[in-house]
$ cat entry_5.cif   # mmCIF, N, CA and C atoms and all ligand atoms
data_run
loop_
_atom_site.label_atom_id
_atom_site.label_comp_id
_atom_site.auth_asym_id
_atom_site.auth_seq_id
_atom_site.Cartn_x
_atom_site.Cartn_y
_atom_site.Cartn_z
N MET X 12 -6.89 5.64 -5.70
CA MET X 12 -6.83 5.52 -4.23
C MET X 12 -6.80 4.03 -3.86
N PRO X 13 -5.68 3.55 -3.36
CA PRO X 13 -5.62 2.12 -3.03
C PRO X 13 -6.60 1.74 -1.93
N ARG X 14 -7.20 0.58 -2.09
CA ARG X 14 -8.08 0.02 -1.06
C ARG X 14 -7.38 -1.21 -0.48
N LEU X 15 -7.19 -1.18 0.83
CA LEU X 15 -6.46 -2.26 1.49
C LEU X 15 -7.34 -2.95 2.53
N VAL X 16 -7.13 -4.25 2.69
CA VAL X 16 -7.79 -4.98 3.77
C VAL X 16 -6.70 -5.37 4.77
N VAL X 17 -6.76 -4.72 5.93
CA VAL X 17 -5.73 -4.92 6.95
C VAL X 17 -6.38 -5.45 8.21
N ASN X 18 -5.94 -6.59 8.66
CA ASN X 18 -6.50 -7.20 9.88
C ASN X 18 -8.02 -7.29 9.80
N GLY X 19 -8.50 -7.58 8.59
CA GLY X 19 -9.93 -7.78 8.39
C GLY X 19 -10.75 -6.53 8.17
N LYS X 20 -10.11 -5.35 8.22
CA LYS X 20 -10.84 -4.10 8.01
C LYS X 20 -10.40 -3.46 6.69
N THR X 21 -11.35 -2.86 6.00
CA THR X 21 -11.04 -2.22 4.72
C THR X 21 -10.69 -0.75 4.94
N HIS X 22 -9.62 -0.33 4.26
CA HIS X 22 -9.17 1.07 4.36
C HIS X 22 -8.94 1.61 2.95
N ASP X 23 -9.55 2.74 2.64
CA ASP X 23 -9.22 3.47 1.41
C ASP X 23 -8.18 4.50 1.79
N VAL X 24 -7.01 4.38 1.21
CA VAL X 24 -5.91 5.25 1.63
C VAL X 24 -5.52 6.19 0.50
N ASP X 25 -5.09 7.38 0.88
CA ASP X 25 -4.69 8.38 -0.10
C ASP X 25 -3.17 8.29 -0.25
N ALA X 26 -2.74 7.42 -1.15
CA ALA X 26 -1.30 7.21 -1.30
C ALA X 26 -0.98 6.94 -2.76
N ASP X 27 0.19 7.38 -3.16
CA ASP X 27 0.68 7.04 -4.50
C ASP X 27 0.80 5.52 -4.57
N PRO X 28 0.44 4.91 -5.69
CA PRO X 28 0.48 3.44 -5.77
C PRO X 28 1.86 2.83 -5.52
N THR X 29 2.90 3.65 -5.70
CA THR X 29 4.25 3.09 -5.52
C THR X 29 4.77 3.29 -4.09
N THR X 30 3.99 3.94 -3.24
CA THR X 30 4.43 4.13 -1.85
C THR X 30 4.61 2.77 -1.19
N PRO X 31 5.70 2.56 -0.47
CA PRO X 31 5.85 1.28 0.23
C PRO X 31 4.71 1.04 1.22
N LEU X 32 4.24 -0.19 1.25
CA LEU X 32 3.14 -0.56 2.15
C LEU X 32 3.44 -0.15 3.60
N LEU X 33 4.70 -0.29 4.01
CA LEU X 33 5.06 0.03 5.41
C LEU X 33 4.60 1.43 5.80
N TRP X 34 4.82 2.41 4.93
CA TRP X 34 4.50 3.80 5.29
C TRP X 34 3.00 3.99 5.38
N VAL X 35 2.27 3.30 4.52
CA VAL X 35 0.81 3.42 4.55
C VAL X 35 0.28 2.80 5.84
N LEU X 36 0.81 1.65 6.21
CA LEU X 36 0.37 1.00 7.45
C LEU X 36 0.63 1.90 8.65
N ARG X 37 1.82 2.46 8.70
CA ARG X 37 2.21 3.23 9.88
C ARG X 37 1.58 4.62 9.91
N GLU X 38 1.67 5.32 8.78
CA GLU X 38 1.34 6.75 8.82
C GLU X 38 -0.09 7.05 8.42
N GLN X 39 -0.71 6.18 7.65
CA GLN X 39 -2.10 6.47 7.27
C GLN X 39 -3.10 5.64 8.06
N ILE X 40 -2.74 4.40 8.30
CA ILE X 40 -3.68 3.53 9.02
C ILE X 40 -3.38 3.56 10.52
N GLY X 41 -2.17 3.96 10.89
CA GLY X 41 -1.86 4.13 12.30
C GLY X 41 -1.43 2.85 13.01
N LEU X 42 -1.04 1.86 12.23
CA LEU X 42 -0.58 0.61 12.84
C LEU X 42 0.95 0.65 12.94
N THR X 43 1.41 1.12 14.09
CA THR X 43 2.84 1.38 14.24
C THR X 43 3.61 0.21 14.83
N GLY X 44 2.94 -0.93 14.99
CA GLY X 44 3.67 -2.11 15.47
C GLY X 44 4.67 -2.61 14.45
N THR X 45 4.43 -2.36 13.19
CA THR X 45 5.36 -2.76 12.13
C THR X 45 6.44 -1.70 12.03
N LYS X 46 7.70 -2.13 12.09
CA LYS X 46 8.81 -1.18 12.27
C LYS X 46 9.61 -0.95 10.98
N TYR X 47 10.23 0.20 10.94
CA TYR X 47 11.17 0.54 9.87
C TYR X 47 12.58 0.31 10.37
N GLY X 48 13.34 -0.50 9.65
CA GLY X 48 14.74 -0.71 10.01
C GLY X 48 15.66 -0.21 8.91
N CYS X 49 15.73 -0.99 7.84
CA CYS X 49 16.70 -0.67 6.78
C CYS X 49 16.07 -0.03 5.55
N GLY X 50 14.83 -0.37 5.28
CA GLY X 50 14.17 0.17 4.09
C GLY X 50 14.55 -0.51 2.79
N ILE X 51 15.38 -1.53 2.85
CA ILE X 51 15.83 -2.19 1.61
C ILE X 51 15.68 -3.71 1.70
N ALA X 52 14.67 -4.16 2.42
CA ALA X 52 14.31 -5.59 2.47
C ALA X 52 15.41 -6.48 3.04
N GLN X 53 16.25 -5.92 3.91
CA GLN X 53 17.35 -6.71 4.46
C GLN X 53 17.13 -7.15 5.90
N CYS X 54 16.47 -6.33 6.72
CA CYS X 54 16.48 -6.60 8.16
C CYS X 54 15.25 -7.35 8.67
N GLY X 55 14.12 -7.20 7.99
CA GLY X 55 12.91 -7.91 8.40
C GLY X 55 12.07 -7.22 9.45
N ALA X 56 12.47 -6.05 9.93
CA ALA X 56 11.70 -5.36 10.97
C ALA X 56 10.28 -5.03 10.51
N CYS X 57 10.10 -4.90 9.21
CA CYS X 57 8.82 -4.45 8.64
C CYS X 57 7.94 -5.61 8.17
N THR X 58 8.24 -6.83 8.61
CA THR X 58 7.54 -8.01 8.08
C THR X 58 6.06 -8.02 8.47
N VAL X 59 5.22 -8.25 7.48
CA VAL X 59 3.79 -8.47 7.69
C VAL X 59 3.41 -9.71 6.89
N HIS X 60 2.16 -10.12 7.00
CA HIS X 60 1.68 -11.23 6.18
C HIS X 60 0.81 -10.69 5.05
N ILE X 61 1.05 -11.20 3.86
CA ILE X 61 0.17 -10.92 2.72
C ILE X 61 -0.37 -12.28 2.29
N ASP X 62 -1.68 -12.43 2.43
CA ASP X 62 -2.30 -13.75 2.18
C ASP X 62 -1.52 -14.86 2.90
N GLY X 63 -1.11 -14.58 4.11
CA GLY X 63 -0.47 -15.57 4.97
C GLY X 63 1.03 -15.73 4.82
N ALA X 64 1.61 -15.12 3.79
CA ALA X 64 3.06 -15.26 3.58
C ALA X 64 3.79 -14.04 4.15
N ALA X 65 4.98 -14.27 4.68
CA ALA X 65 5.78 -13.17 5.23
C ALA X 65 6.32 -12.31 4.10
N VAL X 66 6.10 -11.00 4.23
CA VAL X 66 6.54 -10.04 3.21
C VAL X 66 7.16 -8.85 3.92
N ARG X 67 8.26 -8.34 3.35
CA ARG X 67 8.92 -7.16 3.93
C ARG X 67 8.26 -5.91 3.35
N SER X 68 7.47 -5.28 4.18
CA SER X 68 6.55 -4.25 3.68
C SER X 68 7.25 -2.96 3.27
N CYS X 69 8.53 -2.79 3.64
CA CYS X 69 9.24 -1.58 3.21
C CYS X 69 9.52 -1.61 1.73
N SER X 70 9.42 -2.79 1.13
CA SER X 70 9.82 -2.93 -0.27
C SER X 70 8.67 -3.41 -1.14
N LEU X 71 7.46 -3.30 -0.64
CA LEU X 71 6.29 -3.71 -1.43
C LEU X 71 5.45 -2.48 -1.76
N PRO X 72 5.33 -2.11 -3.05
CA PRO X 72 4.45 -0.99 -3.39
C PRO X 72 3.03 -1.29 -2.95
N VAL X 73 2.38 -0.27 -2.42
CA VAL X 73 1.07 -0.49 -1.82
C VAL X 73 0.07 -1.08 -2.83
N ASN X 74 0.20 -0.72 -4.08
CA ASN X 74 -0.78 -1.24 -5.06
C ASN X 74 -0.67 -2.76 -5.22
N GLU X 75 0.50 -3.33 -4.89
CA GLU X 75 0.64 -4.78 -5.00
C GLU X 75 -0.03 -5.52 -3.84
N ALA X 76 -0.45 -4.77 -2.84
CA ALA X 76 -1.13 -5.39 -1.70
C ALA X 76 -2.65 -5.29 -1.83
N GLU X 77 -3.11 -4.59 -2.84
CA GLU X 77 -4.57 -4.43 -3.02
C GLU X 77 -5.21 -5.77 -3.32
N GLY X 78 -6.39 -5.98 -2.75
CA GLY X 78 -7.13 -7.21 -3.01
C GLY X 78 -6.61 -8.42 -2.24
N LYS X 79 -5.65 -8.17 -1.35
CA LYS X 79 -5.08 -9.28 -0.57
C LYS X 79 -5.36 -9.07 0.91
N GLN X 80 -5.22 -10.14 1.65
CA GLN X 80 -5.40 -10.06 3.10
C GLN X 80 -4.07 -9.69 3.74
N ILE X 81 -4.02 -8.51 4.32
CA ILE X 81 -2.80 -8.04 4.99
C ILE X 81 -3.00 -8.24 6.49
N THR X 82 -2.02 -8.85 7.12
CA THR X 82 -2.07 -9.00 8.58
C THR X 82 -0.83 -8.38 9.17
N THR X 83 -1.02 -7.54 10.18
CA THR X 83 0.11 -6.96 10.90
C THR X 83 0.16 -7.59 12.30
N ILE X 84 1.18 -7.22 13.05
CA ILE X 84 1.30 -7.76 14.41
C ILE X 84 0.06 -7.46 15.24
N GLU X 85 -0.60 -6.36 14.94
CA GLU X 85 -1.80 -6.00 15.71
C GLU X 85 -2.95 -6.97 15.46
N GLY X 86 -2.87 -7.69 14.34
CA GLY X 86 -3.95 -8.61 13.98
C GLY X 86 -3.60 -10.07 14.19
N LEU X 87 -2.46 -10.33 14.82
CA LEU X 87 -2.03 -11.73 14.94
C LEU X 87 -2.82 -12.49 16.01
N ALA X 88 -3.04 -11.85 17.14
CA ALA X 88 -3.88 -12.49 18.17
C ALA X 88 -5.32 -12.55 17.66
N GLN X 89 -6.01 -13.59 18.01
CA GLN X 89 -7.39 -13.76 17.54
C GLN X 89 -8.33 -13.80 18.74
N ASN X 90 -9.34 -12.93 18.71
CA ASN X 90 -10.34 -12.88 19.79
C ASN X 90 -9.70 -12.79 21.17
N GLY X 91 -8.65 -11.98 21.25
CA GLY X 91 -8.00 -11.77 22.54
C GLY X 91 -7.06 -12.88 22.97
N VAL X 92 -6.88 -13.88 22.10
CA VAL X 92 -5.97 -15.00 22.44
C VAL X 92 -4.69 -14.84 21.63
N LEU X 93 -3.57 -14.79 22.35
CA LEU X 93 -2.29 -14.62 21.66
C LEU X 93 -1.99 -15.81 20.75
N HIS X 94 -1.31 -15.53 19.67
CA HIS X 94 -0.82 -16.57 18.77
C HIS X 94 0.21 -17.43 19.54
N PRO X 95 0.32 -18.73 19.24
CA PRO X 95 1.30 -19.56 19.94
C PRO X 95 2.73 -19.00 19.90
N VAL X 96 3.08 -18.32 18.83
CA VAL X 96 4.42 -17.72 18.77
C VAL X 96 4.54 -16.59 19.79
N GLN X 97 3.51 -15.79 19.91
CA GLN X 97 3.54 -14.71 20.91
C GLN X 97 3.66 -15.28 22.32
N LYS X 98 2.91 -16.36 22.58
CA LYS X 98 2.99 -16.98 23.91
C LYS X 98 4.39 -17.51 24.18
N ALA X 99 4.97 -18.19 23.19
CA ALA X 99 6.32 -18.74 23.37
C ALA X 99 7.33 -17.62 23.58
N TRP X 100 7.12 -16.51 22.89
CA TRP X 100 8.04 -15.36 23.03
C TRP X 100 8.02 -14.83 24.47
N LEU X 101 6.82 -14.79 25.04
CA LEU X 101 6.72 -14.31 26.42
C LEU X 101 7.37 -15.30 27.38
N GLU X 102 7.08 -16.60 27.15
CA GLU X 102 7.62 -17.61 28.07
C GLU X 102 9.14 -17.67 28.02
N HIS X 103 9.73 -17.37 26.88
CA HIS X 103 11.18 -17.46 26.73
C HIS X 103 11.87 -16.10 26.84
N ASP X 104 11.13 -15.08 27.23
CA ASP X 104 11.72 -13.73 27.38
C ASP X 104 12.56 -13.36 26.17
N VAL X 105 12.02 -13.56 24.98
CA VAL X 105 12.83 -13.32 23.78
C VAL X 105 13.20 -11.85 23.59
N PRO X 106 12.24 -10.92 23.66
CA PRO X 106 12.59 -9.54 23.31
C PRO X 106 13.61 -8.92 24.28
N GLN X 107 14.53 -8.19 23.72
CA GLN X 107 15.43 -7.36 24.54
C GLN X 107 14.98 -5.92 24.34
N CYS X 108 15.56 -5.19 23.40
CA CYS X 108 15.01 -3.84 23.16
C CYS X 108 13.63 -3.93 22.51
N GLY X 109 13.41 -5.02 21.79
CA GLY X 109 12.10 -5.27 21.20
C GLY X 109 11.90 -4.75 19.79
N TYR X 110 12.83 -3.93 19.31
CA TYR X 110 12.57 -3.24 18.04
C TYR X 110 12.34 -4.19 16.88
N CYS X 111 13.11 -5.25 16.82
CA CYS X 111 13.00 -6.17 15.67
C CYS X 111 11.88 -7.18 15.85
N GLN X 112 11.30 -7.23 17.05
CA GLN X 112 10.55 -8.43 17.43
C GLN X 112 9.20 -8.59 16.74
N THR X 113 8.55 -7.49 16.40
CA THR X 113 7.27 -7.69 15.72
C THR X 113 7.50 -8.33 14.36
N GLY X 114 8.53 -7.87 13.66
CA GLY X 114 8.83 -8.48 12.37
C GLY X 114 9.28 -9.92 12.52
N MET X 115 10.05 -10.17 13.58
CA MET X 115 10.53 -11.53 13.84
C MET X 115 9.33 -12.46 14.09
N ILE X 116 8.42 -12.03 14.92
CA ILE X 116 7.25 -12.85 15.26
C ILE X 116 6.41 -13.12 14.01
N MET X 117 6.23 -12.12 13.17
CA MET X 117 5.43 -12.33 11.96
C MET X 117 6.12 -13.31 11.02
N ALA X 118 7.44 -13.21 10.92
CA ALA X 118 8.17 -14.14 10.05
C ALA X 118 8.05 -15.56 10.59
N VAL X 119 8.17 -15.71 11.90
CA VAL X 119 8.09 -17.04 12.50
C VAL X 119 6.68 -17.62 12.36
N ALA X 120 5.67 -16.79 12.57
CA ALA X 120 4.29 -17.27 12.45
C ALA X 120 4.03 -17.79 11.04
N ALA X 121 4.56 -17.10 10.03
CA ALA X 121 4.37 -17.56 8.65
C ALA X 121 5.13 -18.86 8.42
N LEU X 122 6.32 -18.96 8.99
CA LEU X 122 7.09 -20.21 8.84
C LEU X 122 6.32 -21.39 9.42
N LEU X 123 5.74 -21.20 10.60
CA LEU X 123 5.06 -22.33 11.25
C LEU X 123 3.77 -22.71 10.53
N THR X 124 3.19 -21.78 9.81
CA THR X 124 2.02 -22.14 8.99
C THR X 124 2.46 -23.05 7.85
N GLU X 125 3.61 -22.73 7.30
CA GLU X 125 4.11 -23.51 6.16
C GLU X 125 4.76 -24.81 6.63
N LYS X 126 5.52 -24.72 7.71
CA LYS X 126 6.23 -25.90 8.25
C LYS X 126 5.98 -25.97 9.75
N PRO X 127 4.99 -26.74 10.18
CA PRO X 127 4.64 -26.76 11.61
C PRO X 127 5.77 -27.27 12.52
N LYS X 128 6.71 -28.05 11.98
CA LYS X 128 7.83 -28.55 12.79
C LYS X 128 9.15 -28.23 12.09
N PRO X 129 9.56 -27.00 12.06
CA PRO X 129 10.78 -26.65 11.33
C PRO X 129 12.03 -27.18 12.02
N THR X 130 13.01 -27.55 11.22
CA THR X 130 14.31 -27.93 11.75
C THR X 130 15.13 -26.67 12.00
N ASP X 131 16.27 -26.84 12.66
CA ASP X 131 17.14 -25.67 12.85
C ASP X 131 17.57 -25.11 11.49
N ALA X 132 17.79 -25.99 10.53
CA ALA X 132 18.17 -25.51 9.18
C ALA X 132 17.04 -24.71 8.56
N ASP X 133 15.80 -25.20 8.73
CA ASP X 133 14.66 -24.43 8.21
C ASP X 133 14.63 -23.04 8.83
N ILE X 134 14.86 -23.01 10.14
CA ILE X 134 14.82 -21.72 10.85
C ILE X 134 15.93 -20.80 10.33
N ASP X 135 17.13 -21.35 10.21
CA ASP X 135 18.25 -20.52 9.74
C ASP X 135 18.02 -20.01 8.33
N ASN X 136 17.41 -20.85 7.49
CA ASN X 136 17.21 -20.46 6.10
C ASN X 136 16.07 -19.47 5.93
N THR X 137 15.11 -19.52 6.83
CA THR X 137 13.89 -18.71 6.64
C THR X 137 13.87 -17.47 7.50
N ILE X 138 14.31 -17.60 8.74
CA ILE X 138 14.24 -16.45 9.65
C ILE X 138 15.57 -15.69 9.54
N THR X 139 15.61 -14.84 8.54
CA THR X 139 16.84 -14.08 8.26
C THR X 139 16.73 -12.66 8.82
N ASN X 140 15.74 -12.45 9.66
CA ASN X 140 15.57 -11.13 10.31
C ASN X 140 16.82 -10.81 11.13
N ILE X 141 17.16 -9.56 11.16
CA ILE X 141 18.32 -9.11 11.92
C ILE X 141 17.87 -8.60 13.29
N CYS X 142 18.59 -9.04 14.33
CA CYS X 142 18.32 -8.55 15.68
C CYS X 142 19.63 -7.99 16.23
N ARG X 143 19.66 -6.69 16.44
CA ARG X 143 20.91 -6.08 16.91
C ARG X 143 21.20 -6.45 18.36
N CYS X 144 20.19 -6.93 19.08
CA CYS X 144 20.40 -7.37 20.46
C CYS X 144 20.89 -8.81 20.53
N GLY X 145 20.89 -9.51 19.40
CA GLY X 145 21.44 -10.86 19.38
C GLY X 145 20.59 -11.90 20.08
N THR X 146 19.29 -11.87 19.84
CA THR X 146 18.38 -12.81 20.52
C THR X 146 18.24 -14.15 19.78
N PHE X 147 19.13 -14.45 18.88
CA PHE X 147 18.90 -15.58 17.97
C PHE X 147 18.72 -16.92 18.68
N GLN X 148 19.47 -17.15 19.76
CA GLN X 148 19.32 -18.43 20.46
C GLN X 148 17.95 -18.52 21.14
N GLN X 149 17.52 -17.40 21.73
CA GLN X 149 16.19 -17.39 22.35
C GLN X 149 15.10 -17.56 21.30
N VAL X 150 15.32 -16.95 20.15
CA VAL X 150 14.34 -17.07 19.06
C VAL X 150 14.20 -18.54 18.68
N ARG X 151 15.32 -19.21 18.52
CA ARG X 151 15.26 -20.62 18.10
C ARG X 151 14.56 -21.47 19.17
N ALA X 152 14.90 -21.24 20.44
CA ALA X 152 14.27 -22.01 21.51
C ALA X 152 12.77 -21.76 21.55
N ALA X 153 12.38 -20.51 21.36
CA ALA X 153 10.95 -20.18 21.41
C ALA X 153 10.21 -20.77 20.22
N ILE X 154 10.86 -20.83 19.07
CA ILE X 154 10.20 -21.44 17.91
C ILE X 154 9.92 -22.92 18.21
N HIS X 155 10.91 -23.61 18.72
CA HIS X 155 10.69 -25.03 19.03
C HIS X 155 9.61 -25.19 20.10
N ALA X 156 9.58 -24.29 21.07
CA ALA X 156 8.55 -24.37 22.11
C ALA X 156 7.17 -24.15 21.49
N ALA X 157 7.08 -23.20 20.56
CA ALA X 157 5.79 -22.91 19.94
C ALA X 157 5.29 -24.10 19.14
N THR X 158 6.18 -24.87 18.58
CA THR X 158 5.75 -26.03 17.79
C THR X 158 5.23 -27.15 18.68
N ASN X 159 5.58 -27.10 19.94
CA ASN X 159 5.11 -28.14 20.88
C ASN X 159 3.91 -27.69 21.69
N ALA X 160 3.44 -26.46 21.40
CA ALA X 160 2.33 -25.91 22.21
C ALA X 160 1.05 -26.66 21.94
S1 LIG Q 1 12.79 -2.18 7.09
FE1 LIG Q 1 12.02 -3.63 5.72
S2 LIG Q 1 13.49 -5.21 5.70
FE2 LIG Q 1 14.38 -3.65 6.91
S1 LIG Q 2 15.44 -7.35 20.48
FE1 LIG Q 2 16.59 -5.56 20.09
S2 LIG Q 2 16.91 -5.59 17.93
FE2 LIG Q 2 16.05 -7.50 18.37
#

$ encode --input "entry_5.cif" --output "structure tokens"
Amino acid sequence: MPRLVVNGKTHDVDADPTTPLLWVLREQIGLTGTKYGCGIAQCGACTVHIDGAAVRSCSLPVNEAEGKQITTIEGLAQNGVLHPVQKAWLEHDVPQCGYCQTGMIMAVAALLTEKPKPTDADIDNTITNICRCGTFQQVRAAIHAATNA
């Protein structure tokens, strides 16, 4: 029975060790902010943090997340205060349909931890999440705004 630490809380889940983390988060733990898009690590809708790094949870067996700190979009704000990326997203009206956005925000938050002042090239190389609404220009503007917050 895998034991997971998600957003600071421990969960013993009844799942086969090879089950993708995404399904355990959504269907067993009930954290549905993380989305399913492609299921093959291409779109980024399912991005969460594992020990602070962005990981596509549709393609990570749950047993590989054991013993690590998992953070989902529900755990990004701290003590009721939105993360700077979330604030920038609101100020720049980034989301359109919103479906890709939780994964996008998690990917960006991890990037800014690693590179607090990313260049456009850094953004293009790292934020490979797919947005069918085409919010890429707003995403870039909001990232730069978040770095100046
Ligand atoms: S659902 Fe995981 S990358 Fe698309
Ligand atoms: S906001 Fe609609 S898919 Fe990105």

$ closest_residue --input "entry_5.cif" --among "X:Pro127, X:Gly63, X:Ile141, X:Glu85" --to "ligand LIG 1 (chain Q)" --atoms "all atoms listed in the file"
X:Ile141

$ residues_near_point --input "entry_5.cif" --point "(1.2, -9.6, 6.7)" --cutoff "7 Å" --atoms "only N, CA and C atoms" --output "PyMOL selection string"
chain X and resi 58-66+80-84

$ residues_around --input "entry_5.cif" --residues "segment 106-117 of chain X" --least-positions-apart "3" --cutoff "6.5 Å" --atoms "only N, CA and C atoms" --output "JSON, numbers by chain"
{"X": [44, 45, 46, 55, 56, 57, 58, 59, 60, 65, 84, 96, 100, 103, 120, 121, 122, 140, 141, 142, 144]}

$ closest_residue --input "entry_5.cif" --among "X:Thr146, X:Pro28, X:His155, X:Ala132" --to "ligand LIG 2 (chain Q)" --atoms "all atoms listed in the file"
X:Thr146

$ residues_near_ligand --input "entry_5.cif" --ligand "ligand LIG 1 (chain Q)" --cutoff "6 Å" --atoms "only C-alpha atoms and all ligand atoms" --output "ChimeraX atom specification"
/X:47-57,67-69

$ build_atoms --input "entry_5.cif" --residues "segment 56-64 of chain X" --atoms "all heavy atoms" --output "mmCIF file, in the coordinates of the input"
data_model
loop_
_atom_site.group_PDB
_atom_site.id
_atom_site.type_symbol
_atom_site.label_atom_id
_atom_site.label_comp_id
_atom_site.auth_asym_id
_atom_site.auth_seq_id
_atom_site.Cartn_x
_atom_site.Cartn_y
_atom_site.Cartn_z
ATOM 1 N N ALA X 56 12.470 -6.050 9.930
ATOM 2 C CA ALA X 56 11.700 -5.360 10.970
ATOM 3 C C ALA X 56 10.280 -5.030 10.510
ATOM 4 O O ALA X 56 9.371 -4.883 11.325
ATOM 5 C CB ALA X 56 12.412 -4.071 11.397
ATOM 6 N N CYS X 57 10.100 -4.900 9.210
ATOM 7 C CA CYS X 57 8.820 -4.450 8.640
ATOM 8 C C CYS X 57 7.940 -5.610 8.170
ATOM 9 O O CYS X 57 6.986 -5.376 7.440
ATOM 10 C CB CYS X 57 9.115 -3.542 7.454
ATOM 11 S SG CYS X 57 9.954 -4.468 6.143
ATOM 12 N N THR X 58 8.240 -6.830 8.610
ATOM 13 C CA THR X 58 7.540 -8.010 8.080
ATOM 14 C C THR X 58 6.060 -8.020 8.470
ATOM 15 O O THR X 58 5.715 -7.859 9.646
ATOM 16 C CB THR X 58 8.225 -9.294 8.588
ATOM 17 O OG1 THR X 58 9.592 -9.259 8.181
ATOM 18 C CG2 THR X 58 7.547 -10.538 8.017
ATOM 19 N N VAL X 59 5.220 -8.250 7.480
ATOM 20 C CA VAL X 59 3.790 -8.470 7.690
ATOM 21 C C VAL X 59 3.410 -9.710 6.890
ATOM 22 O O VAL X 59 4.248 -10.308 6.202
ATOM 23 C CB VAL X 59 2.947 -7.257 7.200
ATOM 24 C CG1 VAL X 59 3.319 -5.998 7.980
ATOM 25 C CG2 VAL X 59 3.097 -7.031 5.705
ATOM 26 N N HIS X 60 2.160 -10.120 7.000
ATOM 27 C CA HIS X 60 1.680 -11.230 6.180
ATOM 28 C C HIS X 60 0.810 -10.690 5.050
ATOM 29 O O HIS X 60 -0.059 -9.832 5.287
ATOM 30 C CB HIS X 60 0.821 -12.201 6.998
ATOM 31 C CG HIS X 60 1.571 -12.912 8.067
ATOM 32 N ND1 HIS X 60 0.958 -13.731 8.991
ATOM 33 C CD2 HIS X 60 2.901 -12.943 8.356
ATOM 34 C CE1 HIS X 60 1.870 -14.229 9.810
ATOM 35 N NE2 HIS X 60 3.056 -13.756 9.455
ATOM 36 N N ILE X 61 1.050 -11.200 3.860
ATOM 37 C CA ILE X 61 0.170 -10.920 2.720
ATOM 38 C C ILE X 61 -0.370 -12.280 2.290
ATOM 39 O O ILE X 61 0.393 -13.154 1.877
ATOM 40 C CB ILE X 61 0.936 -10.277 1.543
ATOM 41 C CG1 ILE X 61 1.699 -9.029 1.985
ATOM 42 C CG2 ILE X 61 -0.028 -10.008 0.378
ATOM 43 C CD1 ILE X 61 0.872 -7.793 2.126
ATOM 44 N N ASP X 62 -1.680 -12.430 2.430
ATOM 45 C CA ASP X 62 -2.300 -13.750 2.180
ATOM 46 C C ASP X 62 -1.520 -14.860 2.900
ATOM 47 O O ASP X 62 -1.289 -15.941 2.351
ATOM 48 C CB ASP X 62 -2.385 -14.024 0.671
ATOM 49 C CG ASP X 62 -3.471 -13.183 0.006
ATOM 50 O OD1 ASP X 62 -4.337 -12.639 0.724
ATOM 51 O OD2 ASP X 62 -3.454 -13.078 -1.229
ATOM 52 N N GLY X 63 -1.110 -14.580 4.110
ATOM 53 C CA GLY X 63 -0.470 -15.570 4.970
ATOM 54 C C GLY X 63 1.030 -15.730 4.820
ATOM 55 O O GLY X 63 1.671 -16.389 5.628
ATOM 56 N N ALA X 64 1.610 -15.120 3.790
ATOM 57 C CA ALA X 64 3.060 -15.260 3.580
ATOM 58 C C ALA X 64 3.790 -14.040 4.150
ATOM 59 O O ALA X 64 3.274 -12.913 4.112
ATOM 60 C CB ALA X 64 3.353 -15.378 2.087
#
